[in-house]
file data.cif (mmCIF, C-alpha atoms and all ligand atoms)
data_coords
#
loop_
_atom_site.label_atom_id
_atom_site.label_comp_id
_atom_site.auth_asym_id
_atom_site.auth_seq_id
_atom_site.Cartn_x
_atom_site.Cartn_y
_atom_site.Cartn_z
CA MET A 1 23.46 39.55 -74.60
CA PRO A 2 22.36 35.92 -74.38
CA LEU A 3 19.87 35.01 -71.69
CA ALA A 4 21.56 33.52 -68.61
CA ILE A 5 19.85 30.16 -68.21
CA PRO A 6 21.44 28.05 -65.44
CA PRO A 7 23.31 24.93 -66.58
CA TRP A 8 21.82 21.45 -66.36
CA PRO A 9 22.51 19.20 -64.53
CA PRO A 10 22.93 21.60 -61.59
CA GLN A 11 26.54 22.27 -60.57
CA THR A 12 26.33 23.22 -56.92
CA PRO A 13 29.15 22.82 -54.40
CA GLU A 14 26.78 20.77 -52.22
CA ILE A 15 26.39 18.13 -54.93
CA ALA A 16 30.15 17.93 -55.47
CA THR A 17 30.77 17.61 -51.72
CA ALA A 18 28.14 14.87 -51.29
CA LEU A 19 29.59 12.88 -54.17
CA MET A 20 33.16 13.19 -52.85
CA GLN A 21 32.05 12.09 -49.41
CA CYS A 22 30.34 9.04 -50.87
CA MET A 23 33.59 8.23 -52.66
CA GLN A 24 35.91 8.82 -49.74
CA ASN A 25 34.08 6.94 -47.01
CA GLY A 26 33.54 3.82 -49.10
CA ASP A 27 29.77 4.25 -49.18
CA TRP A 28 29.83 3.90 -52.98
CA GLY A 29 30.82 0.25 -52.75
CA ARG A 30 28.15 -1.02 -50.36
CA TYR A 31 24.78 -2.67 -50.86
CA GLU A 32 23.42 -0.98 -47.73
CA SER A 33 24.77 2.54 -48.00
CA GLN A 34 24.41 5.54 -45.75
CA SER A 35 23.62 7.63 -48.86
CA LYS A 36 20.55 5.54 -49.67
CA ALA A 37 19.42 5.56 -46.04
CA THR A 38 19.74 9.36 -45.95
CA LEU A 39 17.87 9.75 -49.25
CA LEU A 40 15.08 7.47 -48.04
CA ALA A 41 14.76 9.41 -44.79
CA SER A 42 14.62 12.75 -46.60
CA LEU A 43 11.94 11.47 -48.99
CA GLN A 44 9.91 10.10 -46.08
CA LYS A 45 10.12 13.47 -44.40
CA LYS A 46 9.45 15.51 -47.54
CA PHE A 47 6.37 13.47 -48.46
CA GLU A 48 5.34 12.69 -44.88
CA ILE A 49 4.97 9.05 -45.80
CA GLU A 50 6.28 5.83 -44.26
CA HIS A 51 6.64 3.49 -47.23
CA VAL A 52 9.21 4.62 -49.79
CA ARG A 53 11.32 2.37 -52.01
CA LEU A 54 14.11 3.56 -54.28
CA CYS A 55 14.36 2.04 -57.75
CA CYS A 56 16.19 2.45 -61.05
CA SER A 57 13.79 4.74 -62.97
CA GLY A 58 10.38 6.36 -63.05
CA THR A 59 9.36 3.88 -65.72
CA ALA A 60 10.39 0.94 -63.54
CA ALA A 61 8.43 2.56 -60.70
CA ILE A 62 5.29 2.55 -62.88
CA GLU A 63 5.80 -1.04 -63.99
CA LEU A 64 6.51 -2.27 -60.46
CA SER A 65 3.44 -0.40 -59.20
CA LEU A 66 1.26 -2.11 -61.80
CA ARG A 67 2.63 -5.50 -60.81
CA VAL A 68 2.17 -4.82 -57.12
CA ALA A 69 -1.40 -3.74 -57.88
CA GLY A 70 -1.96 -7.23 -59.26
CA VAL A 71 -2.44 -6.08 -62.86
CA GLY A 72 -1.77 -8.82 -65.40
CA ASP A 73 -3.01 -10.65 -68.47
CA GLY A 74 -6.49 -9.65 -69.54
CA ASP A 75 -6.79 -6.76 -67.09
CA GLU A 76 -7.36 -3.16 -68.11
CA VAL A 77 -5.64 0.01 -66.90
CA ILE A 78 -7.14 3.46 -67.42
CA LEU A 79 -4.78 6.27 -68.35
CA CYS A 80 -4.92 9.61 -70.07
CA ALA A 81 -4.36 9.80 -73.84
CA LEU A 82 -1.92 12.63 -73.09
CA ASP A 83 0.71 11.06 -70.86
CA TYR A 84 4.30 9.90 -70.76
CA PRO A 85 4.35 7.28 -73.55
CA GLY A 86 6.37 4.87 -71.40
CA ASN A 87 3.40 4.54 -69.04
CA LEU A 88 1.32 2.98 -71.79
CA ARG A 89 4.20 0.68 -72.71
CA CYS A 90 4.37 -0.54 -69.11
CA VAL A 91 0.68 -1.45 -69.21
CA GLU A 92 1.14 -3.36 -72.47
CA LEU A 93 4.34 -5.10 -71.38
CA ILE A 94 2.73 -6.70 -68.36
CA GLY A 95 -0.03 -8.07 -70.58
CA ALA A 96 -2.80 -5.63 -69.73
CA LYS A 97 -4.84 -3.44 -72.07
CA PRO A 98 -4.63 0.36 -71.85
CA VAL A 99 -7.96 2.19 -71.74
CA LEU A 100 -7.47 5.74 -72.98
CA VAL A 101 -9.44 8.67 -71.56
CA ASP A 102 -9.47 12.36 -72.43
CA VAL A 103 -7.71 15.23 -70.64
CA ALA A 104 -9.59 17.11 -67.91
CA PRO A 105 -10.92 20.57 -68.83
CA SER A 106 -8.91 22.37 -66.14
CA ASN A 107 -5.62 20.46 -65.88
CA PHE A 108 -3.51 17.99 -67.86
CA GLY A 109 -4.64 14.84 -66.01
CA PRO A 110 -7.36 12.29 -66.78
CA ASP A 111 -10.87 13.70 -67.08
CA LEU A 112 -13.04 12.36 -64.23
CA GLU A 113 -16.15 11.97 -66.33
CA SER A 114 -14.19 10.01 -68.96
CA VAL A 115 -12.75 7.75 -66.30
CA THR A 116 -16.24 7.01 -64.99
CA LYS A 117 -17.41 6.18 -68.52
CA ALA A 118 -14.38 3.94 -69.08
CA SER A 119 -15.35 1.63 -66.25
CA SER A 120 -15.50 -2.10 -66.98
CA LYS A 121 -15.18 -5.40 -65.14
CA GLN A 122 -11.61 -5.76 -66.39
CA VAL A 123 -10.29 -2.44 -65.01
CA ARG A 124 -7.89 -2.94 -62.11
CA ALA A 125 -5.91 0.27 -61.93
CA VAL A 126 -5.81 3.93 -62.99
CA ILE A 127 -2.62 5.86 -63.76
CA ALA A 128 -2.96 9.61 -63.14
CA SER A 129 -0.03 11.88 -63.98
CA HIS A 130 0.45 15.43 -62.77
CA LEU A 131 1.73 16.97 -66.01
CA TYR A 132 3.42 20.27 -66.85
CA GLY A 133 3.31 21.54 -63.28
CA ARG A 134 -0.42 21.30 -62.79
CA ALA A 135 -2.22 19.06 -60.33
CA CYS A 136 -4.68 16.54 -61.76
CA ASP A 137 -8.01 15.85 -59.98
CA ILE A 138 -6.26 13.42 -57.71
CA GLY A 139 -8.57 13.60 -54.67
CA ALA A 140 -11.67 12.88 -56.73
CA LEU A 141 -9.85 10.18 -58.69
CA ARG A 142 -8.91 8.49 -55.42
CA ASP A 143 -12.55 8.48 -54.32
CA LEU A 144 -13.62 7.03 -57.65
CA CYS A 145 -10.93 4.33 -57.46
CA ASP A 146 -11.86 3.42 -53.89
CA ALA A 147 -15.53 3.14 -54.86
CA ASN A 148 -14.63 0.74 -57.70
CA ASP A 149 -11.88 -1.20 -55.95
CA TRP A 150 -9.27 0.05 -58.43
CA VAL A 151 -5.68 0.85 -57.49
CA LEU A 152 -4.73 4.48 -58.12
CA ILE A 153 -1.15 4.99 -59.29
CA GLU A 154 -0.25 8.65 -58.92
CA ASP A 155 2.58 9.65 -61.27
CA VAL A 156 4.54 12.49 -59.64
CA CYS A 157 7.60 12.08 -61.87
CA GLN A 158 7.23 15.69 -63.06
CA SER A 159 6.17 17.41 -59.88
CA PRO A 160 8.14 16.49 -56.78
CA GLY A 161 7.33 18.99 -54.04
CA MET A 162 3.90 19.99 -55.34
CA THR A 163 1.24 20.23 -52.66
CA ILE A 164 -2.55 20.03 -52.95
CA ASP A 165 -4.56 21.44 -50.04
CA GLY A 166 -1.28 21.48 -48.14
CA ARG A 167 -0.70 17.77 -48.70
CA ALA A 168 2.17 16.40 -50.80
CA ALA A 169 1.34 15.14 -54.28
CA GLY A 170 2.38 11.51 -54.14
CA THR A 171 0.33 10.72 -51.05
CA PHE A 172 -3.09 10.61 -52.73
CA GLY A 173 -2.66 7.42 -54.77
CA HIS A 174 -2.49 3.93 -53.29
CA LEU A 175 0.92 4.02 -54.95
CA ALA A 176 2.92 6.90 -56.40
CA THR A 177 5.98 7.17 -58.60
CA LEU A 178 8.94 9.56 -58.70
CA SER A 179 11.62 9.88 -61.37
CA PHE A 180 15.20 11.03 -60.90
CA GLY A 181 15.87 10.89 -64.63
CA GLY A 182 18.36 13.16 -66.36
CA SER A 183 15.85 15.87 -67.29
CA LYS A 184 13.85 15.93 -64.06
CA PRO A 185 13.99 18.62 -61.34
CA LEU A 186 15.50 16.01 -58.98
CA SER A 187 18.09 14.20 -61.04
CA SER A 188 20.74 11.54 -60.69
CA GLY A 189 20.83 10.78 -64.41
CA ASN A 190 18.61 7.76 -63.84
CA GLY A 191 16.57 6.69 -60.87
CA GLY A 192 13.15 6.64 -59.32
CA ALA A 193 11.10 5.82 -56.26
CA ILE A 194 7.78 4.25 -55.35
CA LEU A 195 5.65 5.62 -52.52
CA ALA A 196 2.91 3.49 -50.98
CA THR A 197 0.11 4.71 -48.73
CA ASP A 198 -1.29 1.20 -48.41
CA ASN A 199 0.44 -1.27 -46.04
CA ARG A 200 -0.58 -4.36 -47.97
CA LEU A 201 0.75 -2.99 -51.27
CA ALA A 202 3.94 -1.80 -49.54
CA ALA A 203 4.57 -5.32 -48.24
CA ARG A 204 4.07 -6.79 -51.71
CA LEU A 205 6.51 -4.25 -53.09
CA GLY A 206 9.16 -5.57 -50.72
CA GLY A 207 8.52 -9.09 -51.99
CA LEU A 208 8.99 -7.95 -55.57
CA LEU A 209 12.15 -5.92 -55.01
CA ASP A 210 14.11 -7.86 -52.37
CA ARG A 211 15.39 -11.12 -53.85
CA PRO A 212 17.20 -10.82 -51.41
CA SER A 213 19.35 -8.06 -52.93
CA ASP A 214 17.52 -5.13 -54.51
CA ALA A 215 16.52 -6.21 -58.02
CA PHE A 216 15.88 -2.68 -59.40
CA PRO A 217 18.44 -0.64 -57.51
CA LEU A 218 19.41 3.00 -57.27
CA SER A 219 23.11 3.22 -56.38
CA ALA A 220 24.72 4.95 -53.41
CA LEU A 221 26.45 7.33 -55.85
CA GLN A 222 23.09 8.32 -57.33
CA ALA A 223 21.53 8.68 -53.89
CA SER A 224 24.36 10.93 -52.73
CA VAL A 225 23.73 13.61 -55.39
CA LEU A 226 19.97 13.58 -54.77
CA VAL A 227 20.11 14.45 -51.09
CA PRO A 228 21.36 18.05 -51.57
CA GLN A 229 18.85 18.57 -54.40
CA ILE A 230 15.98 17.62 -52.12
CA ALA A 231 17.30 20.06 -49.55
CA ARG A 232 16.88 22.95 -51.98
CA LEU A 233 13.80 21.69 -53.84
CA GLN A 234 11.38 23.95 -52.00
CA THR A 235 13.46 27.07 -52.71
CA ASP A 236 13.90 26.13 -56.38
CA ASN A 237 10.20 25.29 -56.77
CA GLU A 238 9.26 28.68 -55.32
CA HIS A 239 11.65 30.42 -57.72
CA ARG A 240 10.22 28.52 -60.71
CA ASN A 241 6.65 29.27 -59.61
CA ARG A 242 7.41 32.97 -59.39
CA ILE A 243 9.02 33.08 -62.84
CA ALA A 244 6.21 30.98 -64.38
CA LYS A 245 3.61 33.40 -63.06
CA GLN A 246 5.53 36.38 -64.42
CA ILE A 247 5.87 34.76 -67.84
CA GLN A 248 2.13 34.20 -67.85
CA GLN A 249 1.38 37.79 -66.86
CA GLN A 250 3.73 39.28 -69.42
CA LEU A 251 2.54 37.08 -72.31
CA GLU A 252 -1.08 37.77 -71.39
CA LYS A 253 -0.48 41.48 -71.91
CA ARG A 254 1.40 41.03 -75.14
CA ASP A 255 -0.20 38.42 -77.36
CA ALA A 256 -3.42 36.48 -76.90
CA SER A 257 -2.34 33.84 -79.43
CA LEU A 258 0.44 32.54 -77.19
CA GLN A 259 -0.95 31.43 -73.83
CA CYS A 260 1.07 30.35 -70.85
CA ILE A 261 -0.82 27.67 -68.91
CA CYS A 262 0.06 28.01 -65.24
CA GLU A 263 -1.66 26.33 -62.31
CA THR A 264 -4.80 28.30 -61.46
CA ASN A 265 -6.14 26.26 -58.55
CA ILE A 266 -5.33 28.26 -55.41
CA ALA A 267 -5.33 25.10 -53.29
CA VAL A 268 -2.30 23.90 -55.27
CA ASP A 269 1.30 24.86 -54.70
CA PRO A 270 2.63 23.81 -58.10
CA ALA A 271 6.02 22.36 -59.08
CA TYR A 272 7.09 22.94 -62.68
CA TYR A 273 9.19 20.45 -64.62
CA LYS A 274 7.95 21.87 -67.92
CA LEU A 275 5.81 24.98 -68.31
CA ALA A 276 3.12 24.62 -71.00
CA LEU A 277 2.64 27.30 -73.65
CA GLN A 278 -0.31 26.89 -75.97
CA THR A 279 -0.15 28.07 -79.60
CA GLU A 280 -2.96 28.13 -82.15
CA SER A 281 -1.96 25.18 -84.33
CA VAL A 282 0.45 22.31 -84.74
CA ALA A 283 2.24 24.18 -87.56
CA ILE A 284 2.81 27.26 -85.41
CA ARG A 285 3.90 25.10 -82.48
CA ASP A 286 6.41 23.13 -84.53
CA ALA A 287 7.86 26.27 -86.11
CA MET A 288 8.03 27.98 -82.72
CA VAL A 289 9.98 25.10 -81.19
CA ALA A 290 12.41 25.16 -84.13
CA ALA A 291 12.86 28.94 -83.86
CA ALA A 292 13.30 28.84 -80.07
CA THR A 293 16.02 26.23 -80.45
CA GLN A 294 17.88 28.72 -82.68
CA HIS A 295 17.72 31.14 -79.74
CA ASP A 296 19.10 28.42 -77.41
CA LEU A 297 15.82 28.35 -75.48
CA PRO A 298 15.08 24.92 -73.92
CA LEU A 299 11.66 24.63 -75.56
CA GLY A 300 10.22 21.31 -76.74
CA LYS A 301 6.98 19.74 -77.92
CA SER A 302 4.30 18.25 -75.70
CA PHE A 303 4.01 14.48 -75.39
CA ARG A 304 2.21 13.14 -78.44
CA ALA A 305 -1.37 12.10 -77.87
CA MET A 306 -1.95 8.36 -77.93
CA SER A 307 -5.41 8.84 -79.42
CA ARG A 308 -4.39 7.44 -82.83
CA LEU A 309 -3.33 4.13 -81.33
CA SER A 310 -5.10 1.18 -83.00
CA ASP A 311 -8.18 -0.37 -81.41
CA ARG A 312 -6.26 -3.61 -81.23
CA ARG A 313 -3.78 -2.07 -78.78
CA CYS A 314 -6.16 -0.12 -76.57
CA ARG A 315 -9.78 0.55 -75.71
CA LYS A 316 -11.10 4.06 -76.42
CA PRO A 317 -14.50 4.44 -74.77
CA VAL A 318 -14.69 8.26 -75.08
CA PRO A 319 -13.66 10.90 -77.65
CA LEU A 320 -10.07 12.06 -77.12
CA ASP A 321 -10.34 15.46 -78.78
CA ARG A 322 -8.85 17.53 -76.00
CA ALA A 323 -5.82 15.28 -75.66
CA GLN A 324 -5.20 15.51 -79.40
CA MET A 325 -5.65 19.28 -79.49
CA LEU A 326 -3.31 19.91 -76.55
CA ALA A 327 -0.68 17.49 -77.85
CA ASP A 328 -0.71 19.38 -81.16
CA GLN A 329 -0.69 22.92 -79.82
CA ILE A 330 1.44 22.81 -76.70
CA CYS A 331 5.13 23.48 -76.40
CA VAL A 332 6.92 23.18 -73.10
CA LEU A 333 9.62 25.33 -71.54
CA ASP A 334 12.15 23.40 -69.48
CA HIS A 335 12.42 24.00 -65.73
CA ARG A 336 15.95 25.37 -65.95
CA ALA A 337 14.61 28.36 -67.90
CA LEU A 338 12.37 29.03 -64.89
CA LEU A 339 15.44 29.48 -62.69
CA ILE A 340 16.49 32.70 -64.46
CA ASP A 341 16.72 36.05 -62.68
CA GLU A 342 13.42 37.89 -62.36
CA ALA A 343 15.06 40.79 -64.19
CA ASP A 344 15.43 38.56 -67.28
CA VAL A 345 11.78 37.52 -67.61
CA GLY A 346 11.07 40.34 -70.07
CA GLU A 347 13.84 39.19 -72.35
CA LEU A 348 12.75 35.55 -72.12
CA CYS A 349 9.19 36.54 -73.11
CA GLU A 350 10.57 38.62 -75.97
CA LEU A 351 12.42 35.57 -77.30
CA LEU A 352 9.34 33.37 -76.90
CA LEU A 353 7.18 35.87 -78.78
CA GLU A 354 9.76 36.33 -81.50
CA SER A 355 9.96 32.54 -81.89
CA SER A 356 6.18 32.25 -82.17
CA ARG A 357 5.95 35.10 -84.69
CA GLY A 358 8.58 33.90 -87.10
CA CYS A 359 6.01 31.34 -88.09
CA GLY A 360 4.16 32.89 -90.97
CA ARG A 361 1.20 34.20 -89.04
C1 LIG B 401 9.91 11.17 -67.01
C2 LIG B 401 8.58 10.60 -66.72
C3 LIG B 401 8.43 9.24 -66.42
C4 LIG B 401 9.55 8.24 -66.53
O1 LIG B 401 10.66 8.48 -65.75
P1 LIG B 401 12.10 7.86 -66.14
O2 LIG B 401 12.89 7.98 -64.89
O3 LIG B 401 12.62 8.67 -67.26
O4 LIG B 401 11.89 6.42 -66.53
C5 LIG B 401 7.17 8.78 -66.10
N1 LIG B 401 6.11 9.61 -66.07
C6 LIG B 401 6.23 10.91 -66.36
C7 LIG B 401 5.00 11.77 -66.29
C8 LIG B 401 7.45 11.46 -66.70
O5 LIG B 401 7.54 12.76 -67.00
#
call {"tool": "encode", "arguments": {"input": "data.cif", "output": "structure tokens", "more": "lines below"}}
Ligand SMILES: *Cc1c(COP(=O)(O)O)cnc(C)c1O
result
Amino acid sequence: MPLAIPPWPPQTPEIATALMQCMQNGDWGRYESQSKATLLASLQKKFEIEHVRLCCSGTAAIELSLRVAGVGDGDEVILCALDYPGNLRCVELIGAKPVLVDVAPSNFGPDLESVTKASSKQVRAVIASHLYGRACDIGALRDLCDANDWVLIEDVCQSPGMTIDGRAAGTFGHLATLSFGGSKPLSSGNGGAILATDNRLAARLGGLLDRPSDAFPLSALQASVLVPQIARLQTDNEHRNRIAKQIQQQLEKRDASLQCICETNIAVDPAYYKLALQTESVAIRDAMVAAATQHDLPLGKSFRAMSRLSDRRCRKPVPLDRAQMLADQICVLDHRALLIDEADVGELCELLLESSRGCGR
């Protein structure tokens, strides 16, 4: 019997009702819609933060954050060599130079020591992404940024609802970004948001977006389908966390060559967009992803490492070995596979193992 993985995008009655309401009451045709006001209020409440702006994508949120941070021609921005590739493009497109650092030893974010070594007079901002459900060293990065007068942009596109020491991820950076893209746990097909903890930066954000109509808008229709998803985010995150832990425990017992990399920091309540599974080589990983696809498992490859980027395009002050190794060896299981019944975890692990073994080992 095929594994019952829930459909994506989610098809709940609440989403259908919200969309119909937005249609019927004319909200869909307004600049200032009730749907957007409701979405804003629920994000403010969820993240316990005052300054939130909706925008058209997570990528736009990163680019707008960089501009609000005052990054421009000749400046440098530090980011991890393993990151969403669009983040690096944003840095380049506004005329700044990316400075690549390695991955931290105990999460998928920028390594603190590398960031310290990457310091220069030109650095103005640091982008730190919480990747594959694990929290990066965001508190320490904030301290480091404050000490150097750098703006910290916290990328929470993959982990809405994650908390660190009981505090929402997205409230540690001077600015933070959310994505509501088509593959994300909160989705309206496209969309994003920018959170600001700093009043001065929040004011500048208004100046950039309001001209006087919103220059990078999220529509009322998009906002309407997000509200019910936020309402059940906590429940879904808890479900995904439970399944992720069980996958890790079962794989651990079965095969040491396929490792599930869950959050291990007990101060973190994780939120999985993709769950990382580490294989022993790029060849095994690639074959495993191909085999899993045959089994209809939503398994993909990690982001590619940006470590091979030319020296003309970026500065590379430290070795990027860990980023390269992880980018080669990691495959990622999509969040919808983490919404399966607990009773099906055994079967899911069986399929993962079978996929990894059909690879000539
Ligand atoms: C998806 C993603 C983005 C970009 O979001 P879009 O809405 O697709 O533009 C940025 N950063 C990370 C870490 C992401 O996973």
call {"tool": "closest_atom_pairs", "arguments": {"input": "data.cif", "of": "chain A", "to": "ligand LIG 401 (chain B)", "cutoff": "7 Å", "atoms": "all atoms listed in the file", "output": "CSV"}}
result
residue,atom,partner,partner_atom,distance
A:Ser57,CA,B:LIG401,O2,3.9
A:Gly58,CA,B:LIG401,O1,3.4
A:Thr59,CA,B:LIG401,O4,3.7
A:Ala60,CA,B:LIG401,O4,6.4
A:Asp83,CA,B:LIG401,C7,6.3
A:Tyr84,CA,B:LIG401,C7,4.9
A:Gly86,CA,B:LIG401,C5,6.6
A:Asn87,CA,B:LIG401,C5,6.4
A:Ser129,CA,B:LIG401,C7,5.5
A:His130,CA,B:LIG401,C7,6.8
A:Leu131,CA,B:LIG401,C7,6.1
A:Asp155,CA,B:LIG401,N1,6.0
A:Val156,CA,B:LIG401,C7,6.7
A:Cys157,CA,B:LIG401,C6,4.8
A:Gln158,CA,B:LIG401,O5,4.9
A:Ser179,CA,B:LIG401,O2,4.2
A:Phe180,CA,B:LIG401,O2,5.5
A:Gly181,CA,B:LIG401,O2,4.2
A:Lys184,CA,B:LIG401,C1,6.8
A:Asn190,CA,B:LIG401,O2,5.8
A:Gly191,CA,B:LIG401,O2,5.6
A:Gly192,CA,B:LIG401,O2,5.7
call {"tool": "residues_around", "arguments": {"input": "data.cif", "residues": "Gly173 (chain A)", "least_positions_apart": "6", "cutoff": "7 Å", "atoms": "only C-alpha atoms", "output": "VMD selection string"}}
result
chain A and resid 142 152 to 154
call {"tool": "atom_distance", "arguments": {"input": "data.cif", "atom1": "CA of Arg232 (chain A)", "atom2": "CA of Gly182 (chain A)"}}
result
17.5 Å
call {"tool": "residues_around", "arguments": {"input": "data.cif", "residues": "Lys36 (chain A)", "least_positions_apart": "5", "cutoff": "12 Å", "atoms": "all atoms listed in the file", "output": "tab-separated table (two decimals) with C-alpha atoms, in the frame of the given file"}}
result
chain	number	residue	atom	x	y	z
A	22	CYS	CA	30.34	9.04	-50.87
A	27	ASP	CA	29.77	4.25	-49.18
A	28	TRP	CA	29.83	3.90	-52.98
A	29	GLY	CA	30.82	0.25	-52.75
A	30	ARG	CA	28.15	-1.02	-50.36
A	31	TYR	CA	24.78	-2.67	-50.86
A	41	ALA	CA	14.76	9.41	-44.79
A	42	SER	CA	14.62	12.75	-46.60
A	43	LEU	CA	11.94	11.47	-48.99
A	52	VAL	CA	9.21	4.62	-49.79
A	53	ARG	CA	11.32	2.37	-52.01
A	54	LEU	CA	14.11	3.56	-54.28
A	55	CYS	CA	14.36	2.04	-57.75
A	191	GLY	CA	16.57	6.69	-60.87
A	193	ALA	CA	11.10	5.82	-56.26
A	217	PRO	CA	18.44	-0.64	-57.51
A	218	LEU	CA	19.41	3.00	-57.27
A	219	SER	CA	23.11	3.22	-56.38
A	220	ALA	CA	24.72	4.95	-53.41
A	221	LEU	CA	26.45	7.33	-55.85
A	222	GLN	CA	23.09	8.32	-57.33
A	223	ALA	CA	21.53	8.68	-53.89
A	224	SER	CA	24.36	10.93	-52.73
A	225	VAL	CA	23.73	13.61	-55.39
A	226	LEU	CA	19.97	13.58	-54.77
A	227	VAL	CA	20.11	14.45	-51.09
call {"tool": "closest_residue", "arguments": {"input": "data.cif", "among": "A:Val103, A:Tyr132, A:Ala37, A:Phe216", "to": "Glu63 (chain A)", "atoms": "only C-alpha atoms"}}
result
A:Phe216
call {"tool": "atom_distance", "arguments": {"input": "data.cif", "atom1": "CA of His51 (chain A)", "atom2": "CA of Gly166 (chain A)"}}
result
19.7 Å
call {"tool": "residues_around", "arguments": {"input": "data.cif", "residues": "Gln278 (chain A)", "least_positions_apart": "2", "cutoff": "7 Å", "atoms": "all atoms listed in the file", "output": "list in words"}}
result
Leu258, Gln259, Cys260, Ala276, Glu280, Gln329, Ile330 and Cys331 of chain A
call {"tool": "atom_distance", "arguments": {"input": "data.cif", "atom1": "CA of Arg167 (chain A)", "atom2": "CA of Gln229 (chain A)"}}
result
20.4 Å
call {"tool": "closest_residue", "arguments": {"input": "data.cif", "among": "A:Asn25, A:Ala291, A:Arg124, A:Ala104", "to": "Gly74 (chain A)", "atoms": "only C-alpha atoms"}}
result
A:Arg124
call {"tool": "residues_around", "arguments": {"input": "data.cif", "residues": "Asp165 (chain A)", "least_positions_apart": "2", "cutoff": "12 Å", "atoms": "all atoms listed in the file", "output": "list in words"}}
result
Ala135, Asp137, Ile138, Gly139, Met162, Thr163, Arg167, Ala168, Ala169, Thr171, Phe172, Asn265, Ile266, Ala267, Val268, Asp269 and Pro270 of chain A
call {"tool": "closest_residue", "arguments": {"input": "data.cif", "among": "A:Ala323, A:Leu186, A:Val101, A:Leu348", "to": "Ala271 (chain A)", "atoms": "only C-alpha atoms"}}
result
A:Leu186
call {"tool": "residues_around", "arguments": {"input": "data.cif", "residues": "region 236-251 of chain A", "least_positions_apart": "2", "cutoff": "6 Å", "atoms": "only C-alpha atoms", "output": "list in words"}}
result
Leu233, Gln234, Lys253, Arg254, Asp255, Cys260, Ala271, Leu338 and Leu339 of chain A
